[in-house]
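K.L.:
Let me give you the structure first, and then I'll get to my questions.
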Amino acid sequence: MNSALSVFLRRVKSNWRFQWQVIRSVVDWSVAIYIVIPGIAFAVYDYVGWWHQVPGWFDGIPPQILRPVLFLLCISGRTRYFLEAADQLHFFQGEKWEGFFRRMGAIYSTIVGLVVMVFAFFAVAPLFLYQLDISIPVLIRVFAFVSLFRLHLAYIFQLLTLRKTGWRMVVRRMLGYTAAGILFTAALGVLQDSPLYGWLIIAVTLLFLPATITLRFRMKGVLLEEAGQDYEAKWRFASLVYRDHIKRRPVSPRQRPLLWRSSGSIYRQKNKTVHHAMAEAGIKSFFRSKSKVRIYVTMVAVLSLGTLFTGIGFANFLIWLAGGWLMLHYCRNHWLEFMQHPYLSLFARESDPYRAKRMYLFGVVMPGFLVVGAAALLFTLPLVMALVLGGLGIYLLRHITRFF
(Lines give C-alpha, C1' and ligand atoms only; values in the text may rest on other atoms or scores of the structure.)
Protein backbone atom coordinates (compact mmCIF):
# COMPACT_ATOMS: atom_id res chain seq x y z
CA MET A 1 0.00 0.00 0.00
CA ASN A 2 1.29 3.45 -0.87
CA SER A 3 2.31 5.65 2.03
CA ALA A 4 1.80 9.41 2.15
CA LEU A 5 5.56 9.97 1.84
CA SER A 6 5.90 7.77 -1.24
CA VAL A 7 2.98 9.52 -2.97
CA PHE A 8 4.42 12.95 -2.12
CA LEU A 9 7.89 12.05 -3.40
CA ARG A 10 6.41 10.57 -6.57
CA ARG A 11 4.59 13.81 -7.27
CA VAL A 12 7.74 15.85 -6.66
CA LYS A 13 9.67 13.64 -9.09
CA SER A 14 6.85 13.90 -11.61
CA ASN A 15 6.93 17.69 -11.36
CA TRP A 16 10.68 17.86 -11.93
CA ARG A 17 10.40 15.41 -14.81
CA PHE A 18 7.71 17.57 -16.38
CA GLN A 19 9.81 20.74 -16.03
CA TRP A 20 12.81 18.93 -17.56
CA GLN A 21 10.69 17.83 -20.51
CA VAL A 22 9.63 21.44 -21.08
CA ILE A 23 13.28 22.50 -21.11
CA ARG A 24 14.20 19.65 -23.45
CA SER A 25 11.45 20.71 -25.87
CA VAL A 26 13.15 24.11 -26.22
CA VAL A 27 16.83 23.27 -25.77
CA ASP A 28 17.91 20.39 -28.01
CA TRP A 29 21.47 19.12 -28.30
CA SER A 30 22.52 21.69 -30.92
CA VAL A 31 21.20 24.63 -28.88
CA ALA A 32 22.83 23.23 -25.74
CA ILE A 33 26.24 22.75 -27.41
CA TYR A 34 26.43 26.00 -29.36
CA ILE A 35 24.46 28.41 -27.13
CA VAL A 36 23.65 27.20 -23.61
CA ILE A 37 26.97 25.64 -22.58
CA PRO A 38 29.13 28.48 -24.01
CA GLY A 39 26.76 31.01 -22.43
CA ILE A 40 27.06 29.37 -19.00
CA ALA A 41 30.85 29.14 -19.35
CA PHE A 42 31.09 32.82 -20.32
CA ALA A 43 28.80 33.84 -17.43
CA VAL A 44 30.87 31.89 -14.89
CA TYR A 45 34.12 33.32 -16.27
CA ASP A 46 32.71 36.84 -16.18
CA TYR A 47 31.37 36.33 -12.65
CA VAL A 48 34.76 35.15 -11.35
CA GLY A 49 36.26 38.26 -12.89
CA TRP A 50 33.91 40.46 -10.83
CA TRP A 51 35.65 39.30 -7.65
CA HIS A 52 39.06 40.35 -8.98
CA GLN A 53 38.14 43.58 -10.75
CA VAL A 54 34.88 45.50 -10.55
CA PRO A 55 33.45 46.07 -14.06
CA GLY A 56 32.88 49.64 -15.12
CA TRP A 57 29.15 49.24 -15.70
CA PHE A 58 28.69 48.76 -11.94
CA ASP A 59 29.10 52.55 -11.62
CA GLY A 60 25.85 53.09 -13.49
CA ILE A 61 23.80 51.13 -10.91
CA PRO A 62 22.28 53.50 -8.30
CA PRO A 63 22.36 52.37 -4.64
CA GLN A 64 18.61 53.07 -4.36
CA ILE A 65 17.88 50.04 -6.55
CA LEU A 66 18.78 47.67 -3.69
CA ARG A 67 15.43 47.89 -1.89
CA PRO A 68 13.03 47.36 -4.80
CA VAL A 69 15.11 44.44 -6.14
CA LEU A 70 15.14 42.71 -2.75
CA PHE A 71 11.43 43.38 -2.26
CA LEU A 72 10.62 41.82 -5.65
CA LEU A 73 12.66 38.83 -4.54
CA CYS A 74 10.58 38.62 -1.36
CA ILE A 75 7.17 38.67 -3.05
CA SER A 76 8.28 36.03 -5.57
CA GLY A 77 8.16 33.30 -2.93
CA ARG A 78 5.73 30.41 -3.47
CA THR A 79 4.69 27.44 -1.34
CA ARG A 80 3.65 24.23 -3.09
CA TYR A 81 1.86 21.32 -1.42
CA PHE A 82 1.55 19.03 -4.48
CA LEU A 83 -2.15 18.53 -3.91
CA GLU A 84 -4.64 17.51 -6.58
CA ALA A 85 -8.38 18.02 -6.79
CA ALA A 86 -9.06 14.27 -6.57
CA ASP A 87 -7.22 14.07 -3.23
CA GLN A 88 -10.34 15.15 -1.40
CA LEU A 89 -11.81 11.69 -2.10
CA HIS A 90 -9.13 10.23 0.18
CA PHE A 91 -8.61 13.08 2.64
CA PHE A 92 -12.33 13.37 3.43
CA GLN A 93 -12.63 9.64 4.10
CA GLY A 94 -10.44 9.62 7.18
CA GLU A 95 -6.91 9.36 5.78
CA LYS A 96 -4.67 11.86 7.58
CA TRP A 97 -2.67 12.84 4.52
CA GLU A 98 -3.78 16.44 4.14
CA GLY A 99 -1.71 17.79 7.02
CA PHE A 100 1.25 15.62 6.03
CA PHE A 101 1.23 16.95 2.47
CA ARG A 102 1.11 20.52 3.75
CA ARG A 103 4.02 19.96 6.15
CA MET A 104 6.12 18.23 3.51
CA GLY A 105 5.22 20.92 0.98
CA ALA A 106 6.32 23.58 3.45
CA ILE A 107 9.66 21.80 4.01
CA TYR A 108 10.18 21.31 0.26
CA SER A 109 9.31 24.95 -0.54
CA THR A 110 11.60 26.20 2.24
CA ILE A 111 14.55 24.20 0.91
CA VAL A 112 13.93 25.32 -2.68
CA GLY A 113 13.50 28.92 -1.51
CA LEU A 114 16.79 28.84 0.40
CA VAL A 115 18.60 27.45 -2.65
CA VAL A 116 17.15 30.25 -4.78
CA MET A 117 18.13 32.86 -2.18
CA VAL A 118 21.70 31.56 -1.86
CA PHE A 119 22.08 31.56 -5.65
CA ALA A 120 20.60 35.07 -5.96
CA PHE A 121 22.79 36.56 -3.22
CA PHE A 122 25.95 34.90 -4.51
CA ALA A 123 25.15 36.25 -7.97
CA VAL A 124 24.94 39.87 -6.75
CA ALA A 125 27.46 39.64 -3.89
CA PRO A 126 30.22 41.50 -5.81
CA LEU A 127 27.80 44.34 -6.49
CA PHE A 128 26.79 44.59 -2.83
CA LEU A 129 30.32 44.32 -1.43
CA TYR A 130 32.34 46.41 -3.88
CA GLN A 131 29.95 48.88 -5.48
CA LEU A 132 27.34 49.51 -2.76
CA ASP A 133 29.93 49.25 0.08
CA ILE A 134 27.88 46.76 2.10
CA SER A 135 29.97 44.81 4.60
CA ILE A 136 29.80 41.04 4.94
CA PRO A 137 27.99 41.13 8.36
CA VAL A 138 25.33 43.45 6.91
CA LEU A 139 24.99 41.21 3.86
CA ILE A 140 24.49 38.17 6.14
CA ARG A 141 21.79 40.00 8.10
CA VAL A 142 20.04 41.10 4.93
CA PHE A 143 20.16 37.55 3.56
CA ALA A 144 18.69 36.09 6.75
CA PHE A 145 15.90 38.67 6.96
CA VAL A 146 14.96 38.50 3.27
CA SER A 147 14.84 34.69 3.39
CA LEU A 148 12.57 34.68 6.45
CA PHE A 149 10.41 37.56 5.24
CA ARG A 150 9.97 35.77 1.90
CA LEU A 151 8.59 32.72 3.72
CA HIS A 152 6.21 34.89 5.74
CA LEU A 153 4.82 36.59 2.64
CA ALA A 154 4.27 33.27 0.85
CA TYR A 155 1.92 32.07 3.63
CA ILE A 156 0.35 35.46 4.35
CA PHE A 157 -0.67 36.02 0.72
CA GLN A 158 -2.25 32.57 0.72
CA LEU A 159 -4.22 33.58 3.80
CA LEU A 160 -5.39 36.74 2.06
CA THR A 161 -6.30 35.30 -1.34
CA LEU A 162 -7.31 31.63 -1.02
CA ARG A 163 -10.93 32.36 -0.09
CA LYS A 164 -11.35 35.43 -2.29
CA THR A 165 -11.69 35.80 -6.06
CA GLY A 166 -12.12 38.64 -8.51
CA TRP A 167 -11.58 42.24 -7.47
CA ARG A 168 -11.64 41.37 -3.76
CA MET A 169 -8.57 39.19 -4.20
CA VAL A 170 -6.85 41.93 -6.22
CA VAL A 171 -7.59 44.55 -3.54
CA ARG A 172 -6.35 42.28 -0.76
CA ARG A 173 -3.20 41.48 -2.67
CA MET A 174 -2.44 45.13 -3.38
CA LEU A 175 -3.03 46.12 0.24
CA GLY A 176 -0.77 43.26 1.28
CA TYR A 177 1.94 44.42 -1.13
CA THR A 178 1.71 47.96 0.24
CA ALA A 179 1.92 46.92 3.89
CA ALA A 180 4.73 44.46 3.18
CA GLY A 181 6.67 47.13 1.26
CA ILE A 182 6.43 49.59 4.16
CA LEU A 183 7.56 46.99 6.73
CA PHE A 184 10.34 45.75 4.48
CA THR A 185 11.70 49.24 3.84
CA ALA A 186 11.73 50.12 7.53
CA ALA A 187 13.33 46.82 8.55
CA LEU A 188 15.99 47.01 5.85
CA GLY A 189 17.06 50.45 7.06
CA VAL A 190 17.47 49.12 10.62
CA LEU A 191 19.41 46.09 9.38
CA GLN A 192 21.95 48.33 7.67
CA ASP A 193 22.32 50.86 10.50
CA SER A 194 22.15 48.87 13.75
CA PRO A 195 23.58 45.34 14.17
CA LEU A 196 21.85 44.76 17.53
CA TYR A 197 18.38 45.80 16.40
CA GLY A 198 18.96 44.07 13.07
CA TRP A 199 19.54 40.70 14.72
CA LEU A 200 16.57 41.40 16.99
CA ILE A 201 14.33 41.89 13.94
CA ILE A 202 15.65 38.65 12.44
CA ALA A 203 14.97 36.79 15.70
CA VAL A 204 11.40 38.16 15.92
CA THR A 205 10.78 37.25 12.28
CA LEU A 206 12.01 33.71 12.92
CA LEU A 207 9.96 33.31 16.12
CA PHE A 208 6.74 34.39 14.39
CA LEU A 209 7.25 32.08 11.41
CA PRO A 210 5.72 28.96 13.11
CA ALA A 211 2.69 31.04 14.09
CA THR A 212 2.22 32.21 10.50
CA ILE A 213 2.51 28.64 9.17
CA THR A 214 0.09 27.31 11.82
CA LEU A 215 -2.43 30.03 11.05
CA ARG A 216 -2.22 29.18 7.37
CA PHE A 217 -2.60 25.41 7.93
CA ARG A 218 -5.71 25.92 10.09
CA MET A 219 -7.69 27.17 7.11
CA LYS A 220 -10.43 24.67 6.32
CA GLY A 221 -12.15 23.87 3.05
CA VAL A 222 -9.43 25.27 0.76
CA LEU A 223 -8.07 22.04 -0.72
CA LEU A 224 -9.48 22.76 -4.18
CA GLU A 225 -7.99 26.27 -4.15
CA GLU A 226 -4.61 24.86 -3.08
CA ALA A 227 -4.78 22.26 -5.84
CA GLY A 228 -5.55 25.02 -8.34
CA GLN A 229 -2.55 27.07 -7.19
CA ASP A 230 -0.31 23.99 -7.45
CA TYR A 231 -1.57 23.38 -10.97
CA GLU A 232 -0.81 26.99 -11.95
CA ALA A 233 2.65 26.76 -10.39
CA LYS A 234 3.37 23.56 -12.30
CA TRP A 235 2.46 25.16 -15.63
CA ARG A 236 3.98 28.60 -14.98
CA PHE A 237 7.26 27.89 -16.75
CA ALA A 238 5.57 25.89 -19.51
CA SER A 239 3.07 28.67 -20.20
CA LEU A 240 5.95 31.13 -20.50
CA VAL A 241 7.78 28.89 -22.97
CA TYR A 242 4.73 28.04 -25.11
CA ARG A 243 2.90 31.37 -24.87
CA ASP A 244 3.35 32.05 -28.60
CA HIS A 245 2.20 28.57 -29.66
CA ILE A 246 -1.02 28.20 -27.68
CA LYS A 247 -4.26 29.66 -28.99
CA ARG A 248 -6.18 31.08 -26.05
CA ARG A 249 -9.88 30.53 -25.81
CA PRO A 250 -11.89 33.75 -25.81
CA VAL A 251 -13.47 34.88 -22.57
CA SER A 252 -17.01 33.54 -22.25
CA PRO A 253 -19.61 36.31 -22.61
CA ARG A 254 -21.57 34.77 -19.74
CA GLN A 255 -18.89 35.69 -17.22
CA ARG A 256 -19.38 38.89 -15.26
CA PRO A 257 -16.75 41.35 -16.46
CA LEU A 258 -14.74 43.47 -14.06
CA LEU A 259 -15.45 46.81 -15.83
CA TRP A 260 -18.07 48.13 -18.29
CA ARG A 261 -20.66 45.50 -17.40
CA SER A 262 -23.45 47.64 -18.87
CA SER A 263 -21.52 47.97 -22.17
CA GLY A 264 -21.87 51.75 -22.35
CA SER A 265 -20.22 53.69 -25.12
CA ILE A 266 -16.70 55.04 -24.54
CA TYR A 267 -16.38 57.32 -27.58
CA ARG A 268 -19.44 59.59 -27.67
CA GLN A 269 -18.61 61.86 -30.60
CA LYS A 270 -21.22 62.13 -33.35
CA ASN A 271 -19.01 61.04 -36.24
CA LYS A 272 -17.95 57.67 -34.93
CA THR A 273 -16.09 55.50 -37.42
CA VAL A 274 -15.24 51.84 -37.60
CA HIS A 275 -11.92 52.69 -35.95
CA HIS A 276 -13.73 54.01 -32.87
CA ALA A 277 -15.87 50.87 -32.71
CA MET A 278 -12.87 48.53 -33.00
CA ALA A 279 -10.83 50.48 -30.44
CA GLU A 280 -13.78 50.57 -28.04
CA ALA A 281 -14.34 46.83 -28.40
CA GLY A 282 -10.63 46.18 -27.80
CA ILE A 283 -10.54 48.35 -24.66
CA LYS A 284 -13.60 46.64 -23.20
CA SER A 285 -12.23 43.23 -24.08
CA PHE A 286 -9.02 44.00 -22.19
CA PHE A 287 -10.59 45.40 -19.03
CA ARG A 288 -13.24 42.68 -18.93
CA SER A 289 -10.55 40.00 -18.75
CA LYS A 290 -9.72 39.30 -15.10
CA SER A 291 -6.36 37.76 -15.92
CA LYS A 292 -5.33 40.70 -18.10
CA VAL A 293 -6.42 43.25 -15.49
CA ARG A 294 -4.62 41.33 -12.73
CA ILE A 295 -1.32 41.43 -14.62
CA TYR A 296 -1.94 45.06 -15.61
CA VAL A 297 -2.57 46.14 -12.00
CA THR A 298 0.45 44.17 -10.78
CA MET A 299 2.64 45.80 -13.42
CA VAL A 300 1.44 49.28 -12.45
CA ALA A 301 1.95 48.55 -8.74
CA VAL A 302 5.48 47.22 -9.24
CA LEU A 303 6.49 50.20 -11.39
CA SER A 304 4.93 52.67 -8.94
CA LEU A 305 6.55 51.09 -5.88
CA GLY A 306 9.85 50.84 -7.74
CA THR A 307 9.93 54.56 -8.46
CA LEU A 308 8.88 55.37 -4.89
CA PHE A 309 11.61 53.14 -3.44
CA THR A 310 14.36 54.44 -5.69
CA GLY A 311 13.44 58.14 -5.54
CA ILE A 312 16.20 59.15 -7.96
CA GLY A 313 14.58 62.39 -9.13
CA PHE A 314 14.73 63.28 -12.80
CA ALA A 315 15.80 59.76 -13.79
CA ASN A 316 12.32 58.62 -12.70
CA PHE A 317 11.01 60.32 -15.84
CA LEU A 318 13.03 57.88 -17.96
CA ILE A 319 11.83 54.97 -15.80
CA TRP A 320 8.27 56.21 -16.34
CA LEU A 321 8.70 56.19 -20.12
CA ALA A 322 10.31 52.74 -19.98
CA GLY A 323 7.34 51.51 -17.94
CA GLY A 324 4.97 52.97 -20.53
CA TRP A 325 6.86 51.14 -23.27
CA LEU A 326 6.55 47.89 -21.29
CA MET A 327 2.79 48.36 -20.81
CA LEU A 328 2.37 49.15 -24.50
CA HIS A 329 4.12 45.93 -25.42
CA TYR A 330 1.92 43.90 -23.07
CA CYS A 331 -1.33 45.51 -24.30
CA ARG A 332 -0.21 45.09 -27.93
CA ASN A 333 -0.14 41.31 -27.39
CA HIS A 334 -3.78 41.40 -26.29
CA TRP A 335 -4.66 43.40 -29.40
CA LEU A 336 -3.14 40.70 -31.60
CA GLU A 337 -5.33 38.11 -29.86
CA PHE A 338 -8.36 40.37 -30.11
CA MET A 339 -7.92 40.82 -33.87
CA GLN A 340 -8.53 37.09 -34.34
CA HIS A 341 -11.89 37.21 -32.56
CA PRO A 342 -14.95 36.40 -34.72
CA TYR A 343 -16.69 39.49 -33.32
CA LEU A 344 -14.61 41.66 -35.65
CA SER A 345 -16.19 40.01 -38.68
CA LEU A 346 -19.24 42.22 -37.97
CA PHE A 347 -17.31 45.34 -38.97
CA ALA A 348 -16.21 46.50 -42.38
CA ARG A 349 -12.53 45.71 -42.78
CA GLU A 350 -11.71 47.65 -45.92
CA SER A 351 -9.52 50.10 -44.05
CA ASP A 352 -6.30 49.37 -42.18
CA PRO A 353 -6.94 48.87 -38.41
CA TYR A 354 -3.70 50.74 -37.62
CA ARG A 355 -5.56 53.83 -36.39
CA ALA A 356 -7.88 51.71 -34.24
CA LYS A 357 -4.86 49.98 -32.69
CA ARG A 358 -3.30 53.33 -31.76
CA MET A 359 -6.56 54.50 -30.18
CA TYR A 360 -6.84 51.21 -28.29
CA LEU A 361 -3.25 51.30 -27.00
CA PHE A 362 -3.54 54.89 -25.82
CA GLY A 363 -6.87 54.22 -24.10
CA VAL A 364 -5.71 51.06 -22.33
CA VAL A 365 -2.25 52.20 -21.24
CA MET A 366 -3.18 55.74 -20.16
CA PRO A 367 -4.79 54.92 -16.73
CA GLY A 368 -1.83 52.89 -15.52
CA PHE A 369 0.62 55.30 -17.15
CA LEU A 370 -0.87 58.18 -15.16
CA VAL A 371 -0.65 56.26 -11.88
CA VAL A 372 3.01 55.37 -12.45
CA GLY A 373 3.70 58.96 -13.52
CA ALA A 374 2.17 60.33 -10.32
CA ALA A 375 4.36 58.02 -8.22
CA ALA A 376 7.45 58.74 -10.32
CA LEU A 377 7.19 62.54 -10.54
CA LEU A 378 4.92 64.09 -7.91
CA PHE A 379 6.77 62.61 -4.93
CA THR A 380 10.33 63.17 -6.20
CA LEU A 381 10.25 66.46 -8.16
CA PRO A 382 8.88 69.98 -7.68
CA LEU A 383 5.25 70.36 -8.66
CA VAL A 384 5.82 72.59 -11.70
CA MET A 385 8.55 70.36 -13.11
CA ALA A 386 6.43 67.26 -12.43
CA LEU A 387 3.49 68.75 -14.35
CA VAL A 388 5.69 69.77 -17.27
CA LEU A 389 7.34 66.37 -17.49
CA GLY A 390 3.93 64.71 -17.06
CA GLY A 391 2.53 66.56 -20.06
CA LEU A 392 5.65 65.73 -22.06
CA GLY A 393 5.34 62.05 -21.10
CA ILE A 394 1.70 61.87 -22.25
CA TYR A 395 2.63 63.57 -25.53
CA LEU A 396 5.46 61.10 -26.09
CA LEU A 397 3.21 58.15 -25.24
CA ARG A 398 0.72 59.32 -27.84
CA HIS A 399 3.41 59.21 -30.50
CA ILE A 400 5.16 56.06 -29.25
CA THR A 401 2.01 54.11 -30.13
CA ARG A 402 3.03 54.58 -33.77
CA PHE A 403 5.77 51.98 -33.27
CA PHE A 404 3.37 49.29 -32.06
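Within each chain, counting starts at residue 1; across the C-alpha coordinates, chains are named A, B, ... in the order shown, with ligands numbered 1 upward in that order.
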Near range 355-365 of chain A, counting only C-alpha atoms, which residues have an atom at most 10 Å away, once you skip same-chain residues fewer than 6 positions from it, shown as a VMD selection string?
P.N.:
chain A and resid 266 273 to 284 286 to 287 296 300 324 to 332 334 to 336 339 394 397 to 404
K.L.:
Let me see the file: selected residues, N, CA and C atoms, as a CSV table (one decimal), in the first residue's frame.
P.N.:
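Written out: part-v8.csv:
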```csv
chain,number,residue,atom,x,y,z
A,266,ILE,N,-17.9,54.3,-25.0
A,266,ILE,CA,-16.7,55.0,-24.5
A,266,ILE,C,-16.5,56.3,-25.4
A,273,THR,N,-16.5,56.3,-36.3
A,273,THR,CA,-16.1,55.5,-37.4
A,273,THR,C,-15.9,54.1,-37.0
A,274,VAL,N,-15.5,53.2,-37.9
A,274,VAL,CA,-15.2,51.8,-37.6
A,274,VAL,C,-14.0,51.7,-36.7
A,275,HIS,N,-13.1,52.7,-36.8
A,275,HIS,CA,-11.9,52.7,-35.9
A,275,HIS,C,-12.3,52.9,-34.5
A,276,HIS,N,-13.2,53.8,-34.2
A,276,HIS,CA,-13.7,54.0,-32.9
A,276,HIS,C,-14.4,52.7,-32.3
A,277,ALA,N,-15.2,52.1,-33.2
A,277,ALA,CA,-15.9,50.9,-32.7
A,277,ALA,C,-14.9,49.8,-32.4
A,278,MET,N,-13.9,49.6,-33.2
A,278,MET,CA,-12.9,48.5,-33.0
A,278,MET,C,-12.0,48.8,-31.8
A,279,ALA,N,-11.6,50.1,-31.6
A,279,ALA,CA,-10.8,50.5,-30.4
A,279,ALA,C,-11.6,50.3,-29.2
A,280,GLU,N,-12.9,50.7,-29.2
A,280,GLU,CA,-13.8,50.6,-28.0
A,280,GLU,C,-14.0,49.1,-27.7
A,281,ALA,N,-14.2,48.3,-28.7
A,281,ALA,CA,-14.3,46.8,-28.4
A,281,ALA,C,-13.1,46.2,-27.8
A,282,GLY,N,-11.9,46.7,-28.3
A,282,GLY,CA,-10.6,46.2,-27.8
A,282,GLY,C,-10.4,46.6,-26.4
A,283,ILE,N,-10.7,47.9,-26.0
A,283,ILE,CA,-10.5,48.3,-24.7
A,283,ILE,C,-11.4,47.6,-23.7
A,284,LYS,N,-12.7,47.4,-24.1
A,284,LYS,CA,-13.6,46.6,-23.2
A,284,LYS,C,-13.2,45.2,-23.1
A,286,PHE,N,-10.2,44.1,-23.1
A,286,PHE,CA,-9.0,44.0,-22.2
A,286,PHE,C,-9.5,44.1,-20.7
A,287,PHE,N,-10.2,45.2,-20.4
A,287,PHE,CA,-10.6,45.4,-19.0
A,287,PHE,C,-11.7,44.4,-18.5
A,296,TYR,N,-2.1,43.6,-15.4
A,296,TYR,CA,-1.9,45.1,-15.6
A,296,TYR,C,-1.8,45.8,-14.3
A,300,VAL,N,1.5,47.9,-12.9
A,300,VAL,CA,1.4,49.3,-12.5
A,300,VAL,C,1.9,49.4,-11.0
A,324,GLY,N,6.0,52.8,-19.5
A,324,GLY,CA,5.0,53.0,-20.5
A,324,GLY,C,5.2,52.1,-21.8
A,325,TRP,N,6.5,52.0,-22.1
A,325,TRP,CA,6.9,51.1,-23.3
A,325,TRP,C,6.6,49.7,-22.9
A,326,LEU,N,6.8,49.3,-21.7
A,326,LEU,CA,6.5,47.9,-21.3
A,326,LEU,C,5.0,47.6,-21.3
A,327,MET,N,4.2,48.5,-20.8
A,327,MET,CA,2.8,48.4,-20.8
A,327,MET,C,2.2,48.3,-22.2
A,328,LEU,N,2.8,49.2,-23.1
A,328,LEU,CA,2.4,49.2,-24.5
A,328,LEU,C,2.6,47.8,-25.1
A,329,HIS,N,3.8,47.2,-24.9
A,329,HIS,CA,4.1,45.9,-25.4
A,329,HIS,C,3.2,44.9,-24.9
A,330,TYR,N,2.8,44.9,-23.6
A,330,TYR,CA,1.9,43.9,-23.1
A,330,TYR,C,0.5,44.1,-23.7
A,331,CYS,N,0.0,45.3,-23.8
A,331,CYS,CA,-1.3,45.5,-24.3
A,331,CYS,C,-1.4,45.2,-25.8
A,332,ARG,N,-0.3,45.4,-26.5
A,332,ARG,CA,-0.2,45.1,-27.9
A,332,ARG,C,-0.4,43.6,-28.2
A,334,HIS,N,-2.3,41.6,-26.4
A,334,HIS,CA,-3.8,41.4,-26.3
A,334,HIS,C,-4.5,41.8,-27.6
A,335,TRP,N,-4.0,42.9,-28.2
A,335,TRP,CA,-4.7,43.4,-29.4
A,335,TRP,C,-4.5,42.4,-30.5
A,336,LEU,N,-3.3,41.7,-30.6
A,336,LEU,CA,-3.1,40.7,-31.6
A,336,LEU,C,-4.1,39.5,-31.4
A,339,MET,N,-7.7,40.7,-32.4
A,339,MET,CA,-7.9,40.8,-33.9
A,339,MET,C,-8.3,39.5,-34.5
A,394,ILE,N,2.9,62.2,-21.6
A,394,ILE,CA,1.7,61.9,-22.2
A,394,ILE,C,1.8,62.1,-23.8
A,397,LEU,N,3.9,59.4,-25.2
A,397,LEU,CA,3.2,58.2,-25.2
A,397,LEU,C,2.3,58.1,-26.4
A,398,ARG,N,1.6,59.2,-26.7
A,398,ARG,CA,0.7,59.3,-27.8
A,398,ARG,C,1.4,59.0,-29.1
A,399,HIS,N,2.7,59.4,-29.3
A,399,HIS,CA,3.4,59.2,-30.5
A,399,HIS,C,4.2,57.9,-30.5
A,400,ILE,N,4.5,57.4,-29.3
A,400,ILE,CA,5.2,56.1,-29.2
A,400,ILE,C,4.3,55.0,-29.8
A,401,THR,N,2.9,55.1,-29.6
A,401,THR,CA,2.0,54.1,-30.1
A,401,THR,C,2.2,53.9,-31.6
A,402,ARG,N,2.8,54.8,-32.3
A,402,ARG,CA,3.0,54.6,-33.8
A,402,ARG,C,3.9,53.4,-34.0
A,403,PHE,N,4.8,53.0,-33.1
A,403,PHE,CA,5.8,52.0,-33.3
A,403,PHE,C,5.2,50.6,-32.9
A,404,PHE,N,4.0,50.6,-32.5
A,404,PHE,CA,3.4,49.3,-32.1
A,404,PHE,C,2.3,48.9,-33.0
```
K.L.:
Name the closest residue to Gly221 in chain A among the candidates A:Asn333, A:Asn2, A:Gln88, A:Thr205; distances are taken between atoms, counting only C-alpha atoms.
P.N.:
A:Gln88
K.L.:
Can you list every residue in range 45-207 of chain A that DSSP puts in alpha helix (DSSP H), as a ChimeraX atom specification?
P.N.:
/A:45-52,66-75,88-91,98-126,136-161,166-193,195-207
K.L.:
When you count only C-alpha atoms, which of these residues is closest to Leu215 in chain A: A:Phe71, A:Tyr155, A:Phe100, A:Trp57?
P.N.:
A:Tyr155
K.L.:
Show me, as a list in words, the residues that have an atom within 12 Å of Ala211 in chain A when counting only C-alpha atoms, minus same-chain residues fewer than 5 positions from it.
P.N.:
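Contacts, with the query itself left out: His152, Tyr155, Ile156, Val204, Thr205, Leu206, Arg216, Phe217 and Arg218 of chain A.
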K.L.:
Would you kindly return, as an MDAnalysis selection string, each protein, DNA or RNA residue with an atom no farther than 12 Å from any atom of Thr307 in chain A, considering only C-alpha atoms and excluding same-chain residues fewer than 3 positions away?
P.N.:
chainID A and resid 64:65 67:69 300:304 310:323 371:381
K.L.:
Taking 3 positions as the minimum chain separation for residues in the same chain, which residues sit within 10 Å of Tyr108 in chain A when counting only C-alpha atoms? Answer as a count of residues only.
P.N.:
11
K.L.:
So what do you get for CA of Tyr395 in chain A versus CA of Phe338 in chain A, distance-wise?
P.N.:
26.1 Å
